[in-house]
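Written below as structure tokens is the structure these notes are about.
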Amino acid sequence: MPMKKFINNPDDLTPELLQGYCAAHSDKVKLVSDKIVMRAKAKDESKVAILTIGGAGHEPALSGFVGDGMLDASVVGDVFAAPGAPKVIEAMRLLKRDAGILFVVLNHEGDVMSGNMALEMAKEEGINVKMILTHEDIAPGADVPIENRRGLGGCVPLFKVAGAAAEAGKSLDEVYAVAEKINNNMATLAVALTTATHPQSGDAIFDLADDEMEIGMGQHGEAGTGSSKMLTADETAEKMAKQVLPAANCVSGDKILLMINGAGATTLMEQFIVYRKAHAYAEAQGMKVVHSLVGEYLTVQEMGGFQMFAAKLDDELEALLNAPSNAPFWVTQ
Amino acid sequence: MPMKKFINNPDDLTPELLQGYCAAHSDKVKLVSDKIVMRAKAKDESKVAILTIGGAGHEPALSGFVGDGMLDASVVGDVFAAPGAPKVIEAMRLLKRDAGILFVVLNHEGDVMSGNMALEMAKEEGINVKMILTHEDIAPGADVPIENRRGLGGCVPLFKVAGAAAEAGKSLDEVYAVAEKINNNMATLAVALTTATHPQSGDAIFDLADDEMEIGMGQHGEAGTGSSKMLTADETAEKMAKQVLPAANCVSGDKILLMINGAGATTLMEQFIVYRKAHAYAEAQGMKVVHSLVGEYLTVQEMGGFQMFAAKLDDELEALLNAPSNAPFWVTQ
Amino acid sequence: MSETVNYDSVVTMLTTVANKLKDNRDHLSQLDSATGDGDHGTAIAKVADAIVATIEKDESKELKKLLKDIGWAAMSTDAGSTSPLYGSLFMGMSEAVPEEGAIDCAAFATIMESGIAKLRKNTKAEVGCKTMIDTIVPAMAAIRASADGGKNILEALTDGAEAADKGAESTKDMLATFGRAKNIGERARGHIDPGATSMAILFTGLKEGLE
Amino acid sequence: MSETVNYDSVVTMLTTVANKLKDNRDHLSQLDSATGDGDHGTAIAKVADAIVATIEKDESKELKKLLKDIGWAAMSTDAGSTSPLYGSLFMGMSEAVPEEGAIDCAAFATIMESGIAKLRKNTKAEVGCKTMIDTIVPAMAAIRASADGGKNILEALTDGAEAADKGAESTKDMLATFGRAKNIGERARGHIDPGATSMAILFTGLKEGLE
Ligand SMILES: Nc1ncnc2c1ncn2[C@@H]1O[C@H](COP(=O)(O)OP(=O)(O)O)[C@@H](O)[C@H]1O
Ligand SMILES: Nc1ncnc2c1ncn2[C@@H]1O[C@H](COP(=O)(O)OP(=O)(O)O)[C@@H](O)[C@H]1O
Ligand SMILES: [Mg+2]
Ligand SMILES: [Mg+2]
Ligand SMILES: [Mg+2]
Ligand SMILES: [Mg+2]
């Protein structure tokens, strides 16, 4: 039985994806050395570069956010797999500049290992790189050590904030500081409803009973905090918002960013229905939602589910989120 | 067994969706009289207004394209159902202006009937409206009478072109002419792989065997030209491009728009893999792809599949596609 | 007692129609699943609810206004092709309600004809296209013939309902050239058209409401 | 004949390792399905292919360069945690290959220790964390003890492979604190760790390749 996906040879998924993506957006991005997606027109070398790495299979993340005002490059691994350190150091060499490179890594062990090895090589070669790790998943609890909290969709607004600060000519330390500010005040919780097919193996990436959902599901089907009976959209939204908002340090009077990130098969209709309740809940707590993101930013193939993300903002972060950007999947005028 | 969707009462889907959408994008859109999505800040009355109508369930279409540079308003029906004429005439009254209204209707019988009745009432009330019908589906054959060809995702680039022309201060006749130009030089073909659940009834909207696909599938699960064994991404892309490009009058030397519109569950990864081949095929025919759209524009819930769309462009259409817009789901700097 | 109808008897007739339509909700959706998108029952139930709600809140007690309001409410139900078709039927009926005087069988036939004419402004479908037109046209012909032949309203509606049933049944072997069923070509054969069926229920309901 | 190893014998050992790893592809992915994301077999097969391809295209015939190239190729496979872990194992081994002279059992143990040290720079995992460390640490201890006790390389690897198997088996009852299996808490118990298993296969392969 063929897989119910539009694919060719499963081994060619990532190169074909990247070729298609860079052909569709050739005015904005180009493919370098097979697995590095870079801006078609490089940013001025006097400005800090922003680099990220991560496996394919989560489109539009991560390469969808390469572009003016956001990332300078992303290094892409195979489906759900970190890219190897050799490609990462290659990208660092391409971006090498006195202003330095902010290197954003999502906390998944493969990425962290490749990232650390590349970082070590970069240091030896005298490349000025500073690494920042995102780890905003609160599924294991908001208080567990950072190493045990995965990086989920929160990297996307972080790219935006860091990218805008770099574009504004800030120094590496300043860009790092602003990225750390949102990094320390953000939280994500995921929920899964239906599974997805791994596009290489053809296998379901997890199982879930017909009447169950799982809050805390990881990005590759890693089980979460346990499955439960399905709830309505409003119940789900409220249950998750109750955990996400305090974990992001959002309290009454705060300006916040609220994001519903569709996992794949969950419709935009459902996402907006969930958003409606989460928004109402946050406003009822006295928070002011000044920035909203609803749609597919970091997906898990055609999984049914979503990630709810919140960040506490201040004037600086709010302005950076609203600054112009021209990445294929995040355009701001 | 609950439906595997994040919903509340199935009867409330459309109002909750619209409330969530307008809350998330309150800087851009607002909800008027329950079912009319309008720009938050109205366009200058000296300019032609662009109005469309259509059922919910296809998000981000159609309301996702209300915003500066695109639509002035959309009137939303219930899931997969045309809005009634009373709401349509209400929207026309709200947009009434000497410059006139371009009224874009996708060729589906319910929409056409409501549209025609509203148009008749508008004429009686002295509202200056000109209707344009999109009908670019080539599933029944490229040569069948217009009445038998459905309007699919091609409305989206048409909104963009018409919206940009209106923004530029063109007259109603001029805006209509430019919209007709793309309307007469565009074609869409859809393919379905997996079904979707109707979010109100909970039923699958069609059946398809485990190893089959259906080219020509309609937007509400109306069967197409017949199912066939599954093909690879490249085979599917080439087979469809071979039909779509000539039907859009695209020949060697032409500048073209090429769009892969994901139906719902088909991943962006797959869409880019399909795009890669369609792009290569068009370029091999001597065409120049000057504008690409890949992603979810007009969906059918979580259906697996996509629409391939092409349009023959000239300098005027190309410039209008690139003109600034700020609709939530089509931002151009 | 069926020589004329007035506001009250039409209300009873329409209430009967609404109830019968709602009883057939699932059946109509099933028919639509075979050839269309499976929602005709939902659409028809919304129209039925609109009829009942409009009757309940009508304070005018004027038949002309009631029918117009039902038409507007039916059109507002956002229920695909059904809303404009059923909506214009009632709005067209309203237009022919005489300002004064009793409604006898001839006047009743004229009201129905006016409604059908307005409905048909929405579509170029003719008899044989596998739509509700296949029900409406023979049913109306039977009513008009009965009226011309001096029968009373109940007798005319009895003839009309019988012709309507036959008309609906006749769609079974047709290919569709209008409505969603046209998209499936030969596969439409063997299935009765849902809209033709709901219209037959309407004629039977009018009759039963008068009995 | 197992008193020393050279370029050719290491090539045979590594080829045996690669073949054994590929033979276990599906088994390793199944183990990973129970506690992780089901791709360890795929990852390991890529590493095995990298070993074979690097050996085939090596023209230097120098062991130091070969091991470094294998490490770099393994790291380039983009296969999750496996690429950096296996990649640094080989790169670390390369670093301890002596510029001159034969590799006896003590030198071989030092090479292995250097690889393991580099691998362990990637992770804070210790014995008991339900990872490949549970295989590596006892296997290395056995090899070093055998070398110190005057055994030859084959004997040392035989002891090492035996300890590796026990180490892999020991992960069965553990809770995971590193790797994806940590996300599933108690549900990880009862399943052997896939990385611990592939490492045990590596030690057995080294031994069998030398036999
Ligand atoms: N163009 C048309 N002319 C006449 N009747 C039509 C037409 N389109 C649809 N119908 C009738 O409407 C019925 C379908 O109604 P419904 O399912 O509510 O609408 P939709 O097709 O929008 O889902 C069809 O069975 C047919 O009788
Ligand atoms: N942090 C770590 N420290 C030690 N070993 C690890 C670590 N993370 C993963 N492993 C090992 O790698 C194995 C999983 O490899 P693989 O499935 O290829 O990687 P991934 O988890 O990225 O899919 C685990 O079984 C474990 O033995
Ligand atoms: Mg229908
Ligand atoms: Mg319908
Ligand atoms: Mg794994
Ligand atoms: Mg993996």
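As shown in the structure tokens, the chain order sets the letters A, B, ...; within each chain, residues go from 1, and ligands are also counted from 1 in the order they appear.
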Return as a PyMOL selection string every polymer residue, whether protein, DNA or RNA, with at least one atom no more than 7 Å from an atom of ligand 4; count only C-alpha atoms and all ligand atoms. (chain B and resi 80-81) or (chain C and resi 37-40+79-80)
Tell me, counting only C-alpha atoms and all ligand atoms, for each residue of chain B within 9 Å of ligand 1, which pair of atoms is nearest and how far apart they are in Å to one decimal, in rows ordered by chain and increasing number, as JSON lines.
{"residue": "B:Phe80", "atom": "CA", "partner": "ligand 1", "partner_atom_place_in_ligand_line": "23 (O)", "distance": 7.7}
{"residue": "B:Ala81", "atom": "CA", "partner": "ligand 1", "partner_atom_place_in_ligand_line": "22 (O)", "distance": 6.1}
{"residue": "B:Ala82", "atom": "CA", "partner": "ligand 1", "partner_atom_place_in_ligand_line": "22 (O)", "distance": 7.2}
{"residue": "B:His108", "atom": "CA", "partner": "ligand 1", "partner_atom_place_in_ligand_line": "22 (O)", "distance": 7.7}
{"residue": "B:Glu109", "atom": "CA", "partner": "ligand 1", "partner_atom_place_in_ligand_line": "8 (N)", "distance": 5.8}
{"residue": "B:Gly110", "atom": "CA", "partner": "ligand 1", "partner_atom_place_in_ligand_line": "22 (O)", "distance": 5.1}
{"residue": "B:Asp111", "atom": "CA", "partner": "ligand 1", "partner_atom_place_in_ligand_line": "22 (O)", "distance": 8.3}
{"residue": "B:Met113", "atom": "CA", "partner": "ligand 1", "partner_atom_place_in_ligand_line": "1 (N)", "distance": 8.2}
{"residue": "B:His220", "atom": "CA", "partner": "ligand 1", "partner_atom_place_in_ligand_line": "23 (O)", "distance": 8.7}
Using N, CA, C and O atoms, can you write the selected residues to a file as a PDB file, in the first residue's frame?
ATOM      1  N   PHE B  80     -19.597  25.437   4.490  1.00  0.00           N
ATOM      2  CA  PHE B  80     -19.789  24.991   3.103  1.00  0.00           C
ATOM      3  C   PHE B  80     -21.084  25.511   2.484  1.00  0.00           C
ATOM      4  O   PHE B  80     -21.557  24.949   1.491  1.00  0.00           O
ATOM      5  N   ALA B  81     -21.696  26.541   3.044  1.00  0.00           N
ATOM      6  CA  ALA B  81     -23.004  26.992   2.561  1.00  0.00           C
ATOM      7  C   ALA B  81     -22.964  28.479   2.228  1.00  0.00           C
ATOM      8  O   ALA B  81     -22.389  29.280   2.963  1.00  0.00           O
ATOM      9  N   ALA B  82     -23.590  28.851   1.159  1.00  0.00           N
ATOM     10  CA  ALA B  82     -23.633  30.256   0.760  1.00  0.00           C
ATOM     11  C   ALA B  82     -24.360  31.083   1.819  1.00  0.00           C
ATOM     12  O   ALA B  82     -25.289  30.605   2.461  1.00  0.00           O
ATOM     13  N   HIS B 108     -20.605  28.619  -7.480  1.00  0.00           N
ATOM     14  CA  HIS B 108     -21.265  27.500  -6.800  1.00  0.00           C
ATOM     15  C   HIS B 108     -22.718  27.940  -6.740  1.00  0.00           C
ATOM     16  O   HIS B 108     -23.002  29.117  -6.449  1.00  0.00           O
ATOM     17  N   GLU B 109     -23.636  27.030  -6.994  1.00  0.00           N
ATOM     18  CA  GLU B 109     -25.002  27.473  -7.243  1.00  0.00           C
ATOM     19  C   GLU B 109     -25.611  28.314  -6.126  1.00  0.00           C
ATOM     20  O   GLU B 109     -26.251  29.320  -6.381  1.00  0.00           O
ATOM     21  N   GLY B 110     -25.367  27.899  -4.861  1.00  0.00           N
ATOM     22  CA  GLY B 110     -25.943  28.660  -3.753  1.00  0.00           C
ATOM     23  C   GLY B 110     -25.420  30.085  -3.734  1.00  0.00           C
ATOM     24  O   GLY B 110     -26.184  31.050  -3.556  1.00  0.00           O
ATOM     25  N   ASP B 111     -24.127  30.226  -3.946  1.00  0.00           N
ATOM     26  CA  ASP B 111     -23.537  31.567  -3.948  1.00  0.00           C
ATOM     27  C   ASP B 111     -24.067  32.402  -5.107  1.00  0.00           C
ATOM     28  O   ASP B 111     -24.348  33.593  -4.951  1.00  0.00           O
ATOM     29  N   MET B 113     -26.925  32.079  -6.655  1.00  0.00           N
ATOM     30  CA  MET B 113     -28.328  32.454  -6.412  1.00  0.00           C
ATOM     31  C   MET B 113     -28.430  33.605  -5.422  1.00  0.00           C
ATOM     32  O   MET B 113     -29.130  34.591  -5.672  1.00  0.00           O
ATOM     33  N   HIS B 220     -16.277  20.550  -1.694  1.00  0.00           N
ATOM     34  CA  HIS B 220     -17.132  20.057  -0.611  1.00  0.00           C
ATOM     35  C   HIS B 220     -17.259  18.558  -0.713  1.00  0.00           C
ATOM     36  O   HIS B 220     -18.221  17.967  -0.263  1.00  0.00           O
TER      37      HIS B 220
END
Using the chain letters and numbers from this document, which residues of stretch 199-242 of chain A does DSSP assign to alpha helix (DSSP H), as a list in words?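 Result set for stretch 199-242 of chain A (alpha helix (DSSP H)): Ala233, Asp234, Glu235, Thr236, Ala237, Glu238, Lys239, Met240, Ala241 and Lys242 of chain A.
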How would the residues just chosen look if you wrote them out with N, CA and C atoms as a PDB file, in the first residue's frame?
ATOM      1  N   ALA A 233     -13.435  22.403  22.646  1.00  0.00           N
ATOM      2  CA  ALA A 233     -12.436  23.423  22.307  1.00  0.00           C
ATOM      3  C   ALA A 233     -12.263  24.405  23.469  1.00  0.00           C
ATOM      4  N   ASP A 234     -13.361  24.850  24.029  1.00  0.00           N
ATOM      5  CA  ASP A 234     -13.280  25.836  25.110  1.00  0.00           C
ATOM      6  C   ASP A 234     -12.631  25.249  26.357  1.00  0.00           C
ATOM      7  N   GLU A 235     -13.006  24.026  26.692  1.00  0.00           N
ATOM      8  CA  GLU A 235     -12.401  23.391  27.869  1.00  0.00           C
ATOM      9  C   GLU A 235     -10.891  23.210  27.677  1.00  0.00           C
ATOM     10  N   THR A 236     -10.529  22.756  26.477  1.00  0.00           N
ATOM     11  CA  THR A 236      -9.106  22.541  26.186  1.00  0.00           C
ATOM     12  C   THR A 236      -8.342  23.856  26.273  1.00  0.00           C
ATOM     13  N   ALA A 237      -8.901  24.877  25.634  1.00  0.00           N
ATOM     14  CA  ALA A 237      -8.236  26.187  25.599  1.00  0.00           C
ATOM     15  C   ALA A 237      -8.052  26.725  27.019  1.00  0.00           C
ATOM     16  N   GLU A 238      -9.083  26.619  27.822  1.00  0.00           N
ATOM     17  CA  GLU A 238      -8.986  27.176  29.164  1.00  0.00           C
ATOM     18  C   GLU A 238      -8.002  26.386  30.025  1.00  0.00           C
ATOM     19  N   LYS A 239      -8.076  25.058  29.920  1.00  0.00           N
ATOM     20  CA  LYS A 239      -7.171  24.213  30.691  1.00  0.00           C
ATOM     21  C   LYS A 239      -5.708  24.529  30.356  1.00  0.00           C
ATOM     22  N   MET A 240      -5.438  24.726  29.078  1.00  0.00           N
ATOM     23  CA  MET A 240      -4.060  24.979  28.664  1.00  0.00           C
ATOM     24  C   MET A 240      -3.630  26.404  29.019  1.00  0.00           C
ATOM     25  N   ALA A 241      -4.520  27.374  28.785  1.00  0.00           N
ATOM     26  CA  ALA A 241      -4.179  28.771  29.086  1.00  0.00           C
ATOM     27  C   ALA A 241      -3.858  28.939  30.576  1.00  0.00           C
ATOM     28  N   LYS A 242      -4.577  28.197  31.408  1.00  0.00           N
ATOM     29  CA  LYS A 242      -4.341  28.256  32.861  1.00  0.00           C
ATOM     30  C   LYS A 242      -2.933  27.832  33.232  1.00  0.00           C
TER      31      LYS A 242
END
What are the closest atom pairs, with distances in Å to one decimal, for all residues of chain D lying within 12 Å of ligand 5? Consider only C-alpha atoms and all ligand atoms, order rows by chain and residue number, and present the result as a Markdown table.
| residue | atom | partner | partner_atom_place_in_ligand_line | distance |
| --- | --- | --- | --- | --- |
| D:Leu28 | CA | ligand 5 | 1 (Mg) | 9.3 |
| D:Ser29 | CA | ligand 5 | 1 (Mg) | 7.6 |
| D:Gln30 | CA | ligand 5 | 1 (Mg) | 10.0 |
| D:Leu31 | CA | ligand 5 | 1 (Mg) | 9.3 |
| D:Asp32 | CA | ligand 5 | 1 (Mg) | 5.6 |
| D:Ser33 | CA | ligand 5 | 1 (Mg) | 7.7 |
| D:Ala34 | CA | ligand 5 | 1 (Mg) | 10.0 |
| D:Thr35 | CA | ligand 5 | 1 (Mg) | 8.5 |
| D:Gly36 | CA | ligand 5 | 1 (Mg) | 5.2 |
| D:Asp37 | CA | ligand 5 | 1 (Mg) | 4.5 |
| D:Gly38 | CA | ligand 5 | 1 (Mg) | 5.2 |
| D:Asp39 | CA | ligand 5 | 1 (Mg) | 4.4 |
| D:His40 | CA | ligand 5 | 1 (Mg) | 4.6 |
| D:Gly41 | CA | ligand 5 | 1 (Mg) | 8.2 |
| D:Thr42 | CA | ligand 5 | 1 (Mg) | 8.7 |
| D:Ala43 | CA | ligand 5 | 1 (Mg) | 7.7 |
| D:Ile44 | CA | ligand 5 | 1 (Mg) | 9.9 |
| D:Asp78 | CA | ligand 5 | 1 (Mg) | 11.9 |
| D:Ala79 | CA | ligand 5 | 1 (Mg) | 8.5 |
| D:Gly80 | CA | ligand 5 | 1 (Mg) | 6.8 |
| D:Ser81 | CA | ligand 5 | 1 (Mg) | 7.5 |
| D:Thr82 | CA | ligand 5 | 1 (Mg) | 8.1 |
| D:Ser83 | CA | ligand 5 | 1 (Mg) | 11.2 |
| D:Thr131 | CA | ligand 5 | 1 (Mg) | 11.7 |
| D:Gly179 | CA | ligand 5 | 1 (Mg) | 8.4 |
| D:Arg180 | CA | ligand 5 | 1 (Mg) | 7.3 |
| D:Ala181 | CA | ligand 5 | 1 (Mg) | 9.1 |
| D:Asp193 | CA | ligand 5 | 1 (Mg) | 10.3 |
| D:Pro194 | CA | ligand 5 | 1 (Mg) | 8.3 |
| D:Gly195 | CA | ligand 5 | 1 (Mg) | 8.8 |
Could you tell me which of B:Met308, B:Glu167, B:Gly221, B:Gly20 comes closest to ligand 3 if we count only C-alpha atoms and all ligand atoms?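 Closest to ligand 3, using only C-alpha atoms and all ligand atoms: B:Gly221.
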Set the distance at 12 Å and use only C-alpha atoms: which residues neighbour stretch 106-117 of chain C once local chain neighbours fewer than 5 positions away are removed? I'd like the list as a PDB file with C-alpha atoms, in the first residue's frame.
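Saved the output as result-v7.pdb:
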ATOM      1  CA  SER C   2     -61.662  23.838   1.830  1.00  0.00           C
ATOM      2  CA  GLU C   3     -63.386  26.257  -0.510  1.00  0.00           C
ATOM      3  CA  THR C   4     -61.143  29.098   0.698  1.00  0.00           C
ATOM      4  CA  VAL C   5     -58.049  29.483   2.857  1.00  0.00           C
ATOM      5  CA  ASN C   6     -57.136  32.349   5.184  1.00  0.00           C
ATOM      6  CA  VAL C  10     -52.299  28.720   5.854  1.00  0.00           C
ATOM      7  CA  LEU C  63     -50.849  36.517   5.136  1.00  0.00           C
ATOM      8  CA  LYS C  64     -48.973  38.694   2.640  1.00  0.00           C
ATOM      9  CA  LEU C  67     -45.205  34.842   3.598  1.00  0.00           C
ATOM     10  CA  LYS C  68     -42.755  37.619   2.773  1.00  0.00           C
ATOM     11  CA  GLY C  71     -39.231  34.042   2.531  1.00  0.00           C
ATOM     12  CA  LEU C  85     -34.785  28.531  -3.723  1.00  0.00           C
ATOM     13  CA  TYR C  86     -37.203  28.070  -0.810  1.00  0.00           C
ATOM     14  CA  GLY C  87     -36.836  31.731   0.168  1.00  0.00           C
ATOM     15  CA  SER C  88     -37.914  33.001  -3.191  1.00  0.00           C
ATOM     16  CA  LEU C  89     -40.771  30.508  -3.312  1.00  0.00           C
ATOM     17  CA  PHE C  90     -42.342  32.125  -0.250  1.00  0.00           C
ATOM     18  CA  MET C  91     -41.489  35.655  -1.309  1.00  0.00           C
ATOM     19  CA  GLY C  92     -43.073  35.032  -4.684  1.00  0.00           C
ATOM     20  CA  MET C  93     -46.167  33.577  -3.048  1.00  0.00           C
ATOM     21  CA  SER C  94     -46.484  36.705  -0.941  1.00  0.00           C
ATOM     22  CA  GLU C  95     -46.474  38.899  -4.016  1.00  0.00           C
ATOM     23  CA  ALA C  96     -49.671  37.249  -5.325  1.00  0.00           C
ATOM     24  CA  VAL C  97     -51.666  37.313  -2.102  1.00  0.00           C
ATOM     25  CA  PRO C  98     -54.669  39.565  -2.858  1.00  0.00           C
ATOM     26  CA  GLU C  99     -54.965  42.702  -0.731  1.00  0.00           C
ATOM     27  CA  GLU C 100     -58.628  41.971  -0.117  1.00  0.00           C
ATOM     28  CA  GLY C 101     -61.070  39.122  -0.313  1.00  0.00           C
ATOM     29  CA  ASN C 122     -32.830  31.494  -9.716  1.00  0.00           C
ATOM     30  CA  THR C 123     -32.186  28.734 -12.168  1.00  0.00           C
ATOM     31  CA  LYS C 124     -32.368  27.705 -15.766  1.00  0.00           C
ATOM     32  CA  MET C 132     -36.714  20.180  -7.439  1.00  0.00           C
ATOM     33  CA  ILE C 133     -38.091  21.541 -10.717  1.00  0.00           C
ATOM     34  CA  THR C 135     -41.428  18.030  -8.615  1.00  0.00           C
ATOM     35  CA  ILE C 136     -42.679  21.573  -8.843  1.00  0.00           C
ATOM     36  CA  VAL C 137     -43.695  21.678 -12.480  1.00  0.00           C
ATOM     37  CA  PRO C 138     -46.008  18.632 -12.571  1.00  0.00           C
ATOM     38  CA  ALA C 139     -47.401  19.458  -9.128  1.00  0.00           C
ATOM     39  CA  MET C 140     -48.301  22.979 -10.214  1.00  0.00           C
ATOM     40  CA  ALA C 141     -49.786  21.755 -13.480  1.00  0.00           C
ATOM     41  CA  ALA C 142     -52.014  19.372 -11.529  1.00  0.00           C
ATOM     42  CA  ILE C 143     -53.148  22.096  -9.118  1.00  0.00           C
ATOM     43  CA  ARG C 144     -53.927  24.525 -11.915  1.00  0.00           C
ATOM     44  CA  ALA C 145     -55.828  21.845 -13.882  1.00  0.00           C
ATOM     45  CA  SER C 146     -57.862  20.933 -10.813  1.00  0.00           C
ATOM     46  CA  ALA C 147     -58.622  24.574 -10.101  1.00  0.00           C
ATOM     47  CA  ASP C 148     -59.675  25.127 -13.672  1.00  0.00           C
ATOM     48  CA  GLY C 149     -61.803  21.993 -13.436  1.00  0.00           C
ATOM     49  CA  GLY C 150     -63.686  23.456 -10.470  1.00  0.00           C
ATOM     50  CA  LYS C 151     -62.170  21.315  -7.697  1.00  0.00           C
ATOM     51  CA  ASN C 152     -61.679  22.778  -4.218  1.00  0.00           C
ATOM     52  CA  ILE C 153     -58.290  23.542  -2.649  1.00  0.00           C
ATOM     53  CA  LEU C 154     -57.973  20.248  -0.806  1.00  0.00           C
ATOM     54  CA  ALA C 156     -56.352  20.388  -5.956  1.00  0.00           C
ATOM     55  CA  LEU C 157     -53.632  19.858  -3.371  1.00  0.00           C
ATOM     56  CA  GLY C 160     -50.760  18.251  -6.661  1.00  0.00           C
ATOM     57  CA  MET C 199     -40.531  19.719  -2.454  1.00  0.00           C
ATOM     58  CA  LEU C 202     -43.936  20.341   0.965  1.00  0.00           C
ATOM     59  CA  PHE C 203     -46.898  19.649  -1.306  1.00  0.00           C
ATOM     60  CA  LEU C 206     -49.825  21.617   2.462  1.00  0.00           C
TER      61      LEU C 206
END
What's the separation between atom CA of B:Met230 and atom CA of A:Pro10, in Å to one decimal place?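 Distance reported for this atom pair: 15.2 Å.
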Using only C-alpha atoms, which chain B residues lie at most 7 Å away from chain A, written as a PyMOL selection string? chain B and resi 1-2+4+6-8+16-17+19-21+23-24+57+59-60+193+211+232-234+264-270+272-273+275-276+292+301-302+331-333
Each residue of chain A with at least one atom at most 10 Å from chain D should appear once, together with its nearest atom pair and the corresponding distance in Å (one decimal); atoms considered: only C-alpha atoms; ordering: chain, then increasing residue number; output as a Markdown table.
| residue | atom | partner | partner_atom | distance |
| --- | --- | --- | --- | --- |
| A:Gly54 | CA | D:Gly80 | CA | 9.7 |
| A:Gly55 | CA | D:Asp78 | CA | 8.2 |
| A:Val76 | CA | D:Asp78 | CA | 8.7 |
| A:Gly77 | CA | D:Asp78 | CA | 5.3 |
| A:Asp78 | CA | D:Asp78 | CA | 5.8 |
| A:Val79 | CA | D:Ala79 | CA | 8.8 |
| A:Phe80 | CA | D:Gly80 | CA | 7.5 |
| A:Ala81 | CA | D:Gly80 | CA | 4.3 |
| A:Ala82 | CA | D:Gly80 | CA | 4.9 |
| A:Pro83 | CA | D:Asp78 | CA | 4.4 |
| A:Gly84 | CA | D:Ser76 | CA | 4.5 |
| A:Ala85 | CA | D:Met75 | CA | 6.2 |
| A:Pro86 | CA | D:Ser76 | CA | 5.9 |
| A:Lys87 | CA | D:Ser76 | CA | 7.0 |
| A:Val88 | CA | D:Ser76 | CA | 9.6 |
| A:His108 | CA | D:Arg180 | CA | 8.6 |
| A:Glu109 | CA | D:Ser81 | CA | 6.1 |
| A:Gly110 | CA | D:Ser81 | CA | 3.9 |
| A:Asp111 | CA | D:Gly80 | CA | 7.4 |
| A:Val112 | CA | D:Asn122 | CA | 8.5 |
| A:Met113 | CA | D:Asn122 | CA | 5.6 |
| A:Ser114 | CA | D:Pro84 | CA | 6.0 |
| A:Gly115 | CA | D:Pro84 | CA | 9.6 |
| A:Asn116 | CA | D:Asn122 | CA | 7.7 |
| A:Met117 | CA | D:Asn122 | CA | 8.0 |
| A:Ala139 | CA | D:Asn183 | CA | 9.2 |
| A:Pro140 | CA | D:Asn183 | CA | 7.7 |
| A:Glu147 | CA | D:Phe178 | CA | 9.4 |
| A:Asn148 | CA | D:Lys182 | CA | 8.4 |
| A:Arg149 | CA | D:Asn183 | CA | 9.6 |
| A:Arg150 | CA | D:Asn183 | CA | 9.8 |
| A:His198 | CA | D:Gly38 | CA | 9.7 |
| A:Gln200 | CA | D:Thr42 | CA | 9.7 |
| A:Ser201 | CA | D:Asp39 | CA | 8.6 |
| A:Asp203 | CA | D:Gly38 | CA | 9.1 |
| A:Ile205 | CA | D:Asp37 | CA | 7.1 |
| A:Phe206 | CA | D:Asp37 | CA | 8.6 |
| A:Gly216 | CA | D:Asn183 | CA | 9.6 |
| A:Met217 | CA | D:Asn183 | CA | 9.3 |
| A:Gly218 | CA | D:Asn183 | CA | 8.5 |
| A:Gln219 | CA | D:Asp37 | CA | 9.9 |
| A:His220 | CA | D:Asp37 | CA | 6.4 |
| A:Gly221 | CA | D:Asp37 | CA | 6.6 |
| A:Glu222 | CA | D:Gly36 | CA | 6.3 |
| A:Ala223 | CA | D:Ile184 | CA | 5.8 |
| A:Gly224 | CA | D:Asn183 | CA | 6.7 |
| A:Thr225 | CA | D:Ile184 | CA | 7.6 |
| A:Gly226 | CA | D:Ile184 | CA | 8.6 |
One-decimal distance in Å that lies between atom CA of D:Ala164 and atom CA of D:Asp8: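 If I compute the distance from atom CA of D:Asp8 to atom CA of D:Ala164, I get 24.6 Å.
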At a cut-off of 6 Å, using only C-alpha atoms, what residues contact A:Arg39? Leave out same-chain residues fewer than 4 positions from it and give the result as a PyMOL selection string. chain A and resi 28-29+67+72
